[in-house]
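**Q** Next comes the structure file coords.txt, holding compact mmCIF, C-alpha atoms.
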```txt
# COMPACT_ATOMS: atom_id res chain seq x y z
CA MET A 1 -12.11 -30.92 -20.12
CA VAL A 2 -11.60 -28.01 -17.72
CA LYS A 3 -9.25 -26.35 -20.21
CA ASN A 4 -11.94 -26.50 -22.92
CA ASP A 5 -14.47 -25.01 -20.50
CA PHE A 6 -11.93 -22.34 -19.52
CA LEU A 7 -11.55 -21.28 -23.14
CA THR A 8 -15.28 -21.58 -23.89
CA TYR A 9 -16.97 -20.06 -20.86
CA GLN A 10 -14.45 -17.85 -19.03
CA ALA A 11 -13.77 -14.51 -20.70
CA GLN A 12 -10.17 -14.21 -21.90
CA THR A 13 -7.83 -11.22 -21.80
CA SER A 14 -5.39 -12.32 -24.50
CA PRO A 15 -5.33 -14.69 -27.48
CA HIS A 16 -2.71 -16.91 -25.85
CA PRO A 17 -3.15 -17.46 -22.08
CA LEU A 18 -0.49 -19.54 -20.33
CA SER A 19 -3.20 -22.15 -19.62
CA ILE A 20 -1.52 -24.05 -16.79
CA GLU A 21 -4.28 -26.04 -15.09
CA ILE A 22 -3.69 -25.48 -11.38
CA LYS A 23 -4.10 -28.15 -8.73
CA LYS A 24 -2.47 -26.46 -5.73
CA ALA A 25 0.10 -23.89 -4.67
CA LYS A 26 2.31 -23.65 -1.61
CA GLY A 27 5.24 -21.43 -0.68
CA SER A 28 7.14 -20.43 -3.81
CA TYR A 29 5.66 -23.21 -5.94
CA ILE A 30 2.59 -23.84 -8.07
CA TYR A 31 1.57 -27.38 -9.10
CA ASP A 32 -0.48 -28.37 -12.15
CA ILE A 33 -2.98 -31.25 -12.42
CA ASN A 34 -0.25 -33.54 -13.77
CA GLY A 35 1.92 -32.96 -10.72
CA LYS A 36 4.42 -30.71 -12.48
CA LYS A 37 6.05 -28.25 -10.10
CA TYR A 38 6.67 -24.63 -11.12
CA LEU A 39 8.89 -22.19 -9.23
CA ASP A 40 6.94 -18.93 -9.11
CA PHE A 41 8.98 -15.84 -10.05
CA VAL A 42 5.84 -13.73 -10.59
CA ALA A 43 3.79 -14.05 -7.36
CA GLY A 44 0.44 -13.38 -8.98
CA VAL A 45 1.90 -10.24 -10.60
CA SER A 46 3.37 -8.93 -7.32
CA ALA A 47 0.25 -9.83 -5.32
CA ASN A 48 1.36 -12.88 -3.35
CA SER A 49 3.76 -11.06 -1.03
CA LEU A 50 4.11 -14.04 1.30
CA GLY A 51 3.96 -16.76 -1.33
CA HIS A 52 1.14 -19.27 -1.57
CA GLN A 53 -0.86 -20.54 1.40
CA HIS A 54 1.16 -18.81 4.10
CA PRO A 55 -0.06 -20.59 7.26
CA LYS A 56 -0.60 -17.43 9.31
CA VAL A 57 -2.61 -15.78 6.55
CA THR A 58 -4.67 -18.94 6.05
CA ARG A 59 -5.35 -19.19 9.80
CA ALA A 60 -6.46 -15.56 9.92
CA ILE A 61 -8.88 -16.12 7.04
CA LYS A 62 -10.35 -19.25 8.62
CA LYS A 63 -10.70 -17.56 12.00
CA GLN A 64 -12.68 -14.69 10.50
CA LEU A 65 -14.79 -17.06 8.39
CA ASN A 66 -15.91 -18.73 11.59
CA LYS A 67 -17.16 -15.38 12.94
CA TYR A 68 -18.89 -13.67 10.00
CA THR A 69 -18.33 -12.56 6.42
CA HIS A 70 -20.13 -9.61 4.82
CA VAL A 71 -22.55 -7.81 7.14
CA MET A 72 -23.09 -4.27 5.83
CA VAL A 73 -21.91 -1.79 3.19
CA TYR A 74 -18.60 -0.06 3.84
CA GLY A 75 -18.33 2.33 6.75
CA GLU A 76 -21.58 1.61 8.63
CA PHE A 77 -20.77 -1.16 11.11
CA ILE A 78 -17.67 -1.34 13.31
CA GLN A 79 -15.75 -4.50 12.41
CA GLU A 80 -12.50 -5.39 14.11
CA GLN A 81 -10.43 -6.51 11.12
CA PRO A 82 -11.06 -3.54 8.78
CA VAL A 83 -10.45 -1.14 11.69
CA GLN A 84 -7.23 -2.94 12.65
CA LEU A 85 -6.04 -2.92 9.03
CA SER A 86 -6.70 0.80 8.68
CA LYS A 87 -4.82 1.48 11.92
CA LEU A 88 -1.84 -0.64 10.86
CA LEU A 89 -1.60 1.18 7.53
CA SER A 90 -1.90 4.58 9.20
CA LYS A 91 0.85 3.68 11.68
CA THR A 92 3.28 3.21 8.76
CA LEU A 93 2.98 6.95 8.06
CA PRO A 94 3.77 10.14 9.98
CA ASN A 95 0.74 11.61 11.81
CA ILE A 96 -2.76 10.16 11.45
CA PHE A 97 -3.86 9.14 7.99
CA SER A 98 -7.32 7.84 7.19
CA VAL A 99 -7.74 4.70 5.09
CA TYR A 100 -10.54 3.93 2.65
CA LEU A 101 -10.58 0.20 1.87
CA THR A 102 -11.63 -0.99 -1.58
CA ASN A 103 -11.78 -4.25 -3.53
CA SER A 104 -8.94 -3.51 -5.95
CA GLY A 105 -6.20 -1.10 -6.92
CA THR A 106 -8.15 0.45 -9.77
CA GLU A 107 -11.05 1.21 -7.41
CA ALA A 108 -8.57 2.87 -5.07
CA CYS A 109 -7.36 4.97 -7.98
CA GLU A 110 -10.92 6.06 -8.76
CA GLY A 111 -11.46 7.13 -5.16
CA ALA A 112 -8.18 9.05 -5.05
CA LEU A 113 -9.04 10.99 -8.21
CA LYS A 114 -12.47 11.90 -6.84
CA LEU A 115 -10.95 13.04 -3.55
CA ALA A 116 -8.41 15.27 -5.32
CA LYS A 117 -11.12 16.93 -7.41
CA ARG A 118 -13.34 17.39 -4.36
CA HIS A 119 -10.54 19.01 -2.36
CA THR A 120 -9.13 21.33 -5.01
CA LYS A 121 -12.37 22.05 -6.89
CA ARG A 122 -10.29 21.59 -10.05
CA SER A 123 -10.72 19.01 -12.81
CA GLU A 124 -7.33 18.68 -14.51
CA ILE A 125 -5.30 15.58 -13.68
CA ILE A 126 -1.65 15.29 -14.72
CA ALA A 127 -0.38 11.75 -15.31
CA CYS A 128 2.65 10.21 -16.99
CA HIS A 129 3.14 8.75 -20.42
CA HIS A 130 3.43 4.94 -20.31
CA SER A 131 1.85 4.84 -16.84
CA TYR A 132 -0.66 2.24 -15.67
CA HIS A 133 -3.16 2.77 -12.85
CA GLY A 134 -5.88 0.24 -13.62
CA ASN A 135 -8.53 -0.66 -16.16
CA THR A 136 -11.70 1.10 -15.10
CA GLN A 137 -12.56 4.16 -17.16
CA GLY A 138 -11.26 6.75 -14.71
CA SER A 139 -8.03 4.83 -14.16
CA MET A 140 -7.55 4.35 -17.89
CA SER A 141 -8.01 8.10 -18.35
CA VAL A 142 -4.84 8.67 -16.32
CA SER A 143 -2.93 5.73 -17.78
CA GLY A 144 -0.64 6.89 -20.54
CA ALA A 145 -0.82 3.99 -22.97
CA GLU A 146 -2.78 4.93 -26.04
CA ILE A 147 -2.52 1.43 -27.46
CA GLN A 148 -4.73 0.30 -24.55
CA ASN A 149 -6.97 3.35 -24.40
CA ARG A 150 -7.91 4.16 -27.99
CA ALA A 151 -10.47 1.37 -28.42
CA PHE A 152 -12.46 2.66 -25.43
CA ARG A 153 -12.57 6.41 -25.99
CA PRO A 154 -14.06 8.75 -25.00
CA LEU A 155 -12.68 8.32 -21.51
CA VAL A 156 -12.99 10.76 -18.61
CA PRO A 157 -11.90 14.21 -19.87
CA GLY A 158 -9.37 16.49 -18.21
CA SER A 159 -6.19 14.40 -18.22
CA LYS A 160 -2.84 15.70 -19.46
CA PHE A 161 0.39 13.76 -19.68
CA ILE A 162 4.02 14.45 -18.83
CA HIS A 163 7.13 12.33 -19.26
CA TYR A 164 8.32 10.45 -16.19
CA ASN A 165 11.67 11.83 -14.93
CA SER A 166 11.38 14.95 -17.12
CA LEU A 167 12.02 18.03 -14.99
CA GLU A 168 11.13 20.28 -17.92
CA ASP A 169 7.62 18.81 -18.02
CA LEU A 170 6.95 19.87 -14.43
CA LYS A 171 6.04 23.28 -15.84
CA LYS A 172 2.83 21.69 -17.12
CA ILE A 173 1.66 21.32 -13.51
CA THR A 174 -0.23 24.58 -12.92
CA THR A 175 -2.91 26.23 -10.80
CA ASN A 176 -5.44 24.42 -13.01
CA THR A 177 -4.15 21.04 -11.80
CA ALA A 178 -6.13 19.10 -9.20
CA ALA A 179 -3.55 16.36 -8.82
CA VAL A 180 -0.52 14.68 -10.28
CA ILE A 181 -0.74 10.89 -10.24
CA LEU A 182 2.30 8.75 -10.82
CA GLU A 183 3.84 5.42 -9.89
CA THR A 184 6.79 5.35 -7.50
CA ILE A 185 8.44 3.04 -10.04
CA GLN A 186 6.75 2.85 -13.43
CA GLY A 187 5.56 -0.74 -13.78
CA GLY A 188 4.10 -1.42 -17.21
CA ALA A 189 6.65 0.87 -18.85
CA GLY A 190 9.53 -1.42 -17.85
CA PHE A 191 10.18 -0.81 -14.13
CA ILE A 192 11.52 2.72 -14.60
CA VAL A 193 12.91 4.17 -11.36
CA PRO A 194 12.85 7.90 -10.54
CA GLN A 195 16.06 9.84 -11.21
CA ASN A 196 17.56 13.14 -9.99
CA ASN A 197 15.28 13.46 -6.96
CA TYR A 198 12.33 13.47 -9.36
CA LEU A 199 9.57 12.57 -6.90
CA ALA A 200 10.59 15.28 -4.45
CA LYS A 201 10.58 17.83 -7.27
CA VAL A 202 7.09 16.74 -8.34
CA LYS A 203 5.93 17.13 -4.74
CA LYS A 204 7.45 20.62 -4.48
CA ARG A 205 5.79 21.70 -7.74
CA CYS A 206 2.44 20.40 -6.49
CA GLU A 207 2.81 22.38 -3.27
CA ASP A 208 3.69 25.53 -5.21
CA VAL A 209 0.52 25.39 -7.33
CA GLY A 210 -1.88 23.91 -4.77
CA ALA A 211 -2.23 20.53 -6.44
CA LEU A 212 -2.21 17.17 -4.67
CA MET A 213 0.35 14.44 -5.29
CA ILE A 214 -1.14 10.96 -5.68
CA VAL A 215 1.40 8.15 -5.58
CA ASP A 216 0.45 4.75 -6.91
CA GLU A 217 1.98 2.13 -4.60
CA ILE A 218 -0.13 -0.76 -5.86
CA GLN A 219 2.93 -2.66 -7.01
CA THR A 220 5.80 -0.97 -5.15
CA GLY A 221 4.18 -0.95 -1.72
CA ILE A 222 3.98 -3.51 1.09
CA GLY A 223 7.68 -4.22 1.25
CA ARG A 224 8.52 -5.06 -2.36
CA THR A 225 11.28 -2.44 -2.77
CA GLY A 226 13.04 -2.73 0.59
CA LYS A 227 10.79 -0.32 2.49
CA PHE A 228 7.17 -0.74 3.51
CA TRP A 229 6.25 1.94 0.96
CA GLY A 230 8.26 2.43 -2.20
CA PHE A 231 8.21 6.21 -1.82
CA GLU A 232 10.15 5.88 1.44
CA ASN A 233 13.20 5.16 -0.71
CA TYR A 234 12.88 8.69 -2.08
CA GLU A 235 12.09 10.59 1.14
CA ILE A 236 8.70 12.04 0.27
CA ILE A 237 5.20 11.79 1.73
CA PRO A 238 2.43 11.97 -0.89
CA ASP A 239 -0.91 13.62 -0.27
CA ILE A 240 -2.79 10.50 -1.33
CA ILE A 241 -1.45 6.94 -1.48
CA ILE A 242 -2.99 4.15 -3.54
CA THR A 243 -2.29 0.53 -2.59
CA GLY A 244 -3.49 -2.97 -3.43
CA LYS A 245 -1.90 -6.16 -4.82
CA GLY A 246 0.53 -7.38 -2.12
CA LEU A 247 -1.51 -5.91 0.73
CA GLY A 248 -3.98 -8.80 0.68
CA GLY A 249 -1.47 -11.63 0.91
CA GLY A 250 -3.10 -13.20 -2.15
CA MET A 251 -6.63 -11.91 -1.51
CA PRO A 252 -8.29 -9.09 -3.55
CA ILE A 253 -7.91 -5.68 -1.95
CA GLY A 254 -7.14 -2.02 -2.49
CA ALA A 255 -7.07 1.20 -0.48
CA PHE A 256 -6.55 4.91 -0.87
CA ILE A 257 -5.02 6.75 2.05
CA ALA A 258 -4.92 10.45 2.94
CA GLN A 259 -4.86 12.70 5.99
CA GLN A 260 -8.13 12.60 7.89
CA LYS A 261 -9.15 16.19 7.17
CA LEU A 262 -8.86 15.42 3.47
CA MET A 263 -10.72 12.12 3.62
CA ASP A 264 -13.52 13.72 5.64
CA LEU A 265 -14.58 15.56 2.46
CA LEU A 266 -16.19 12.33 1.25
CA LYS A 267 -18.63 12.31 4.19
CA ASP A 268 -20.70 15.33 3.31
CA GLN A 269 -21.73 17.68 0.49
CA PRO A 270 -22.67 15.22 -0.83
CA LYS A 271 -23.08 12.50 1.76
CA LEU A 272 -21.89 9.12 0.54
CA GLY A 273 -19.30 10.83 -1.64
CA HIS A 274 -17.63 7.50 -2.23
CA ILE A 275 -19.33 4.19 -1.44
CA THR A 276 -18.67 0.49 -1.92
CA THR A 277 -20.51 -2.67 -0.92
CA PHE A 278 -17.65 -5.09 -0.35
CA GLY A 279 -14.69 -2.76 0.34
CA GLY A 280 -13.18 -3.56 3.73
CA HIS A 281 -14.59 -7.09 3.64
CA PRO A 282 -13.68 -8.62 7.04
CA VAL A 283 -12.25 -11.85 5.59
CA ILE A 284 -10.03 -9.95 3.15
CA ALA A 285 -9.05 -7.48 5.86
CA SER A 286 -8.02 -10.34 8.16
CA ALA A 287 -5.64 -11.61 5.46
CA ALA A 288 -4.18 -8.13 5.06
CA VAL A 289 -3.73 -7.66 8.82
CA ALA A 290 -1.86 -10.97 8.98
CA THR A 291 0.29 -9.96 6.00
CA ILE A 292 1.33 -6.65 7.54
CA ASN A 293 2.04 -8.23 10.92
CA ILE A 294 4.24 -10.90 9.33
CA LEU A 295 6.20 -8.32 7.35
CA GLN A 296 6.63 -5.96 10.30
CA ASN A 297 7.74 -8.74 12.66
CA SER A 298 10.31 -10.29 10.34
CA THR A 299 13.28 -9.25 8.22
CA LEU A 300 11.55 -10.02 4.92
CA ILE A 301 11.38 -6.38 3.79
CA GLU A 302 15.08 -5.75 4.43
CA GLU A 303 15.96 -9.05 2.77
CA THR A 304 14.45 -7.92 -0.55
CA LEU A 305 17.55 -5.80 -1.17
CA GLU A 306 19.89 -8.73 -0.50
CA LYS A 307 17.81 -10.91 -2.81
CA GLU A 308 17.93 -8.18 -5.46
CA LYS A 309 21.73 -8.22 -5.30
CA LEU A 310 21.73 -12.00 -5.70
CA ILE A 311 19.47 -11.87 -8.77
CA ARG A 312 21.60 -9.14 -10.35
CA LYS A 313 24.74 -11.18 -9.64
CA LEU A 314 23.36 -14.40 -11.12
CA LEU A 315 21.66 -12.95 -14.20
CA LYS A 316 24.70 -11.73 -16.09
CA HIS A 317 24.56 -12.64 -19.76
CA PRO A 318 25.25 -10.83 -23.05
CA LYS A 319 21.59 -11.30 -23.98
CA ILE A 320 20.48 -9.42 -20.83
CA LYS A 321 21.10 -5.75 -21.55
CA GLU A 322 20.12 -4.46 -18.12
CA ILE A 323 18.06 -5.27 -15.04
CA ARG A 324 15.69 -2.49 -14.00
CA GLY A 325 13.77 -1.93 -10.80
CA LYS A 326 14.41 -2.21 -7.10
CA GLY A 327 14.12 -4.92 -4.46
CA LEU A 328 12.02 -7.80 -5.74
CA MET A 329 10.40 -5.68 -8.44
CA LEU A 330 12.83 -6.39 -11.26
CA ALA A 331 12.73 -6.63 -15.04
CA ALA A 332 15.43 -8.23 -17.18
CA ILE A 333 15.65 -6.33 -20.46
CA VAL A 334 16.72 -8.33 -23.53
CA GLU A 335 17.35 -7.44 -27.17
CA SER A 336 13.87 -7.95 -28.62
CA ASN A 337 10.26 -8.79 -27.88
CA GLU A 338 10.72 -12.14 -29.57
CA ILE A 339 13.67 -13.11 -27.36
CA ALA A 340 11.75 -12.09 -24.22
CA ALA A 341 8.73 -14.18 -25.25
CA ASN A 342 10.93 -17.17 -26.09
CA ILE A 343 12.67 -17.00 -22.70
CA ILE A 344 9.37 -16.75 -20.82
CA HIS A 345 7.79 -19.68 -22.64
CA LYS A 346 10.90 -21.90 -22.53
CA CYS A 347 11.34 -21.21 -18.81
CA LEU A 348 7.72 -22.25 -18.27
CA GLU A 349 8.53 -25.58 -19.94
CA GLU A 350 11.48 -25.89 -17.55
CA GLY A 351 9.27 -25.27 -14.51
CA LEU A 352 9.88 -21.56 -13.91
CA ILE A 353 7.07 -18.99 -14.10
CA LEU A 354 8.09 -15.63 -15.54
CA PHE A 355 5.81 -13.07 -17.18
CA PHE A 356 5.59 -10.02 -19.41
CA LEU A 357 5.19 -6.30 -18.67
CA LEU A 358 2.32 -4.38 -20.20
CA PHE A 359 4.08 -1.89 -22.45
CA GLU A 360 7.71 -3.01 -22.68
CA GLY A 361 7.95 -6.12 -24.82
CA LYS A 362 11.67 -6.59 -24.22
CA ALA A 363 11.15 -6.96 -20.47
CA ILE A 364 10.94 -10.17 -18.44
CA ARG A 365 9.10 -9.74 -15.14
CA ILE A 366 10.87 -11.04 -12.02
CA THR A 367 8.64 -10.35 -9.00
CA PRO A 368 8.79 -13.44 -6.77
CA PRO A 369 7.21 -13.67 -3.32
CA LEU A 370 9.14 -11.79 -0.63
CA THR A 371 9.39 -15.12 1.18
CA ILE A 372 11.38 -16.76 -1.61
CA SER A 373 14.63 -18.30 -0.39
CA LYS A 374 18.07 -17.55 -1.80
CA LYS A 375 18.31 -21.20 -2.81
CA GLU A 376 15.09 -20.86 -4.81
CA ILE A 377 16.36 -17.65 -6.38
CA SER A 378 19.55 -19.43 -7.43
CA LYS A 379 17.53 -22.29 -8.91
CA GLY A 380 15.31 -19.94 -10.91
CA CYS A 381 18.22 -17.87 -12.20
CA GLU A 382 20.00 -21.08 -13.21
CA ILE A 383 16.97 -22.03 -15.34
CA ILE A 384 16.92 -18.58 -16.97
CA MET A 385 20.63 -18.76 -17.84
CA LYS A 386 20.25 -22.29 -19.21
CA VAL A 387 17.31 -21.27 -21.39
CA ILE A 388 19.20 -18.24 -22.77
CA ASP A 389 22.24 -20.38 -23.55
CA ASN A 390 20.05 -22.89 -25.38
CA LEU A 391 18.38 -20.11 -27.37
CA GLU A 392 21.80 -19.02 -28.58
CA GLN A 393 22.56 -22.56 -29.74
```
Is it possible to give me this structure as structure tokens?

**A**
Amino acid sequence: MVKNDFLTYQAQTSPHPLSIEIKKAKGSYIYDINGKKYLDFVAGVSANSLGHQHPKVTRAIKKQLNKYTHVMVYGEFIQEQPVQLSKLLSKTLPNIFSVYLTNSGTEACEGALKLAKRHTKRSEIIACHHSYHGNTQGSMSVSGAEIQNRAFRPLVPGSKFIHYNSLEDLKKITTNTAAVILETIQGGAGFIVPQNNYLAKVKKRCEDVGALMIVDEIQTGIGRTGKFWGFENYEIIPDIIITGKGLGGGMPIGAFIAQQKLMDLLKDQPKLGHITTFGGHPVIASAAVATINILQNSTLIEETLEKEKLIRKLLKHPKIKEIRGKGLMLAAIVESNEIAANIIHKCLEEGLILFFLLFEGKAIRITPPLTISKKEISKGCEIIMKVIDNLEQ
């Protein structure tokens, strides 16, 4: 009954949703209404950093619920949890950065683009082919996937595209450029990591021409790649950072972050240069504060690299051509889109949740919670190997 209502009344995003009817979720597992148990190797598409129903996150949410929920539009009242969250995020960076809290990653992207244009008084944005920064119109305008964009044109004008990891293309960043926006690791494109000190070279080029560097950490941030921020692996500090997904510990959130003198430009000329009703919601912020505190007072971030090694060790098969990514942001690349889809669907039948990437059909997403145990990793990888062997037969 609920499935029929789901398909009838709730707007769909694809012709073939996975359609598991959820009863509950806890730790690394999701349970359907029939009691079937699924090991979660996706974590809400990298959003459930601490798995499902982490007790400290749940307690923080309940504690704030007992005080108050929404009281005023963003930035007017002083509320402990949003302030604490902003401070915690700023403390992860050198010198004082200012944090603008939003409801989602794509909203954070919109704010970052506006801030870059306001600061530089330029309109050109350079982005990367095969990038993904969200699904609102501004974010789509800097996402380099024409297959997604063409049905919705015209989008926001002024975007130009370069190839990720191409040093030759850096020449296209000029004194007309307001900002370069790129992912620390390209997600939808197949978890493409930067090569040859690429991010540092982008940053240097931006400095040379007076453009800002916006780094999208929505998926790579909050510990997923072995550092709190993914860009820390590459020894750069962006001008503007976008975050979301894993920051909320399973709750909806986003933020864009920049030095205070830059962020202050949104306060005046015009006033209310960027506004939101529910950004910085105290209940959501309390979940994010708990998430950061748990990560910073444990070894979970460092353990992502050990868990990466284990996954790479266990997933060795002729059908797996390579494993891309870093930490617990990994993609197993197989021979064809059809094989990838078969593996994902057969693993689901076997009680393992895997998923696709947006623009690379041969990729199998492996982004489990950071709290996943090595025993659970071994179990999941065993299912993958068994499914691949059976496909061959």

**Q** Hey, can you check how far CA of Lys3 in chain A sits from CA of Leu18 in chain A?

**A**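 Separation of CA of Lys3 in chain A and CA of Leu18 in chain A: 11.1 Å.
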
**Q** Can you pull out every residue within 12 Å of range 77-83 of chain A, counting only C-alpha atoms, but drop anything in the same chain fewer than 5 positions away, and send it as number ranges by chain?

**A** A: 60-61, 63-65, 67-72, 88-90, 98-102, 248, 253, 255, 278-290

**Q** Enumerate, as number ranges by chain, the protein, DNA and RNA residues whose atoms approach (-2.4, 6.9, -22.7) to within 9 Å, taking into account all atoms listed in the file and the coordinate frame of the file.

**A** A: 128-132, 140-150, 161

**Q** Of the candidates A:Ala331, A:Ile292, A:Leu315, A:Leu300, which shows the shortest atom-to-atom distance to Asp389 in chain A, using only C-alpha atoms?

**A**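 Comparing A:Ala331, A:Ile292, A:Leu315, A:Leu300 against Asp389 in chain A, the winner is A:Leu315.
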
**Q** Around all listed atoms of range 29-37 of chain A, padded 4 Å per side, what centre and edge lengths does the axis-aligned box have in Å to one decimal, as lines of an AutoDock Vina configuration file?

**A**
```
center_x = 1.5
center_y = -28.4
center_z = -9.9
size_x = 17.0
size_y = 18.3
size_z = 15.8
```

**Q** Taking (7.7, -13.5, -16.3) as a centre in this file's frame and 7 Å as the limit, can you find every polymer residue with an atom that close, using all atoms listed in the file, and give them as a short mmCIF file (atom, residue, chain, number, x, y, z; two decimals) with C-alpha atoms, keeping the file's coordinate frame?

**A**
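The result, written out as part-v8.cif:
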```cif
data_model
loop_
_atom_site.label_atom_id
_atom_site.label_comp_id
_atom_site.auth_asym_id
_atom_site.auth_seq_id
_atom_site.Cartn_x
_atom_site.Cartn_y
_atom_site.Cartn_z
CA PHE A 41 8.98 -15.84 -10.05
CA VAL A 42 5.84 -13.73 -10.59
CA ILE A 344 9.37 -16.75 -20.82
CA ILE A 353 7.07 -18.99 -14.10
CA LEU A 354 8.09 -15.63 -15.54
CA PHE A 355 5.81 -13.07 -17.18
CA PHE A 356 5.59 -10.02 -19.41
CA ILE A 364 10.94 -10.17 -18.44
CA ARG A 365 9.10 -9.74 -15.14
CA ILE A 366 10.87 -11.04 -12.02
#
```

**Q** Just the number, please: distance in Å from CA of Leu310 in chain A to CA of Lys374 in chain A, one decimal.

**A**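 Atom-to-atom, CA of Leu310 in chain A to CA of Lys374 in chain A, that is 7.7 Å.
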
**Q** Considering all atoms listed in the file, can you say which of A:Val334, A:Ile222, A:Leu182, A:Ile236 comes closest to Ala200 in chain A?

**A**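 Selected residue with least distance to Ala200 in chain A: A:Ile236.
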
**Q** Can you list, as a PyMOL selection string, every protein, DNA or RNA residue that comes within 9 Å of Leu358 in chain A when you count only C-alpha atoms, leaving out same-chain residues fewer than 4 positions away?

**A** chain A and resi 132+187-190

**Q** From the list A:Ser123, A:Ser166, A:Thr220, A:Thr225, which residue is nearest Leu199 in chain A when using only C-alpha atoms?

**A** A:Ser166

**Q** Report, in Å to a single decimal, how far apart CA of Tyr234 in chain A and CA of Asn196 in chain A are.

**A** 10.2 Å

**Q** Tell me, as a list in words, which residues lie within 8 Å of Gly249 in chain A, counting all atoms listed in the file; anything in the same chain fewer than 4 positions away does not count.

**A**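 After dropping sequence-adjacent residues, the list is Ala47, Asn48, Ser49, Leu50, Gly51, Val57, Lys245, Ala287, Ala288 and Thr291 of chain A.
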
**Q** Since the input has fewer atoms than a full residue there, write range 137-152 of chain A out with N, CA and C atoms, as a compact mmCIF listing (two decimals), in the frame of the given file.

**A**
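Written output follows (rebuild_0.txt):
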```
# COMPACT_ATOMS: atom_id res chain seq x y z
N GLN A 137 -12.65 3.03 -16.23
CA GLN A 137 -12.56 4.16 -17.16
C GLN A 137 -11.79 5.35 -16.58
N GLY A 138 -12.02 5.64 -15.30
CA GLY A 138 -11.26 6.75 -14.71
C GLY A 138 -9.78 6.44 -14.65
N SER A 139 -9.43 5.23 -14.24
CA SER A 139 -8.03 4.83 -14.16
C SER A 139 -7.37 4.81 -15.52
N MET A 140 -8.09 4.34 -16.53
CA MET A 140 -7.55 4.35 -17.89
C MET A 140 -7.31 5.78 -18.38
N SER A 141 -8.14 6.70 -17.92
CA SER A 141 -8.01 8.10 -18.35
C SER A 141 -6.71 8.72 -17.88
N VAL A 142 -6.12 8.16 -16.81
CA VAL A 142 -4.84 8.67 -16.32
C VAL A 142 -3.71 7.66 -16.54
N SER A 143 -3.97 6.69 -17.41
CA SER A 143 -2.93 5.73 -17.78
C SER A 143 -2.45 6.10 -19.18
N GLY A 144 -1.17 6.31 -19.31
CA GLY A 144 -0.64 6.89 -20.54
C GLY A 144 -0.21 5.87 -21.56
N ALA A 145 -1.13 4.99 -21.95
CA ALA A 145 -0.82 3.99 -22.97
C ALA A 145 -1.93 3.99 -23.99
N GLU A 146 -1.73 4.75 -25.05
CA GLU A 146 -2.78 4.93 -26.04
C GLU A 146 -3.17 3.63 -26.72
N ILE A 147 -2.22 2.71 -26.84
CA ILE A 147 -2.52 1.43 -27.46
C ILE A 147 -3.61 0.68 -26.69
N GLN A 148 -3.68 0.90 -25.37
CA GLN A 148 -4.73 0.30 -24.55
C GLN A 148 -6.00 1.13 -24.57
N ASN A 149 -5.84 2.45 -24.62
CA ASN A 149 -6.97 3.35 -24.40
C ASN A 149 -7.82 3.62 -25.63
N ARG A 150 -7.23 3.60 -26.81
CA ARG A 150 -7.91 4.16 -27.99
C ARG A 150 -9.19 3.42 -28.36
N ALA A 151 -9.27 2.13 -28.06
CA ALA A 151 -10.47 1.37 -28.42
C ALA A 151 -11.65 1.70 -27.52
N PHE A 152 -11.41 2.43 -26.42
CA PHE A 152 -12.46 2.66 -25.43
C PHE A 152 -12.81 4.13 -25.25
```
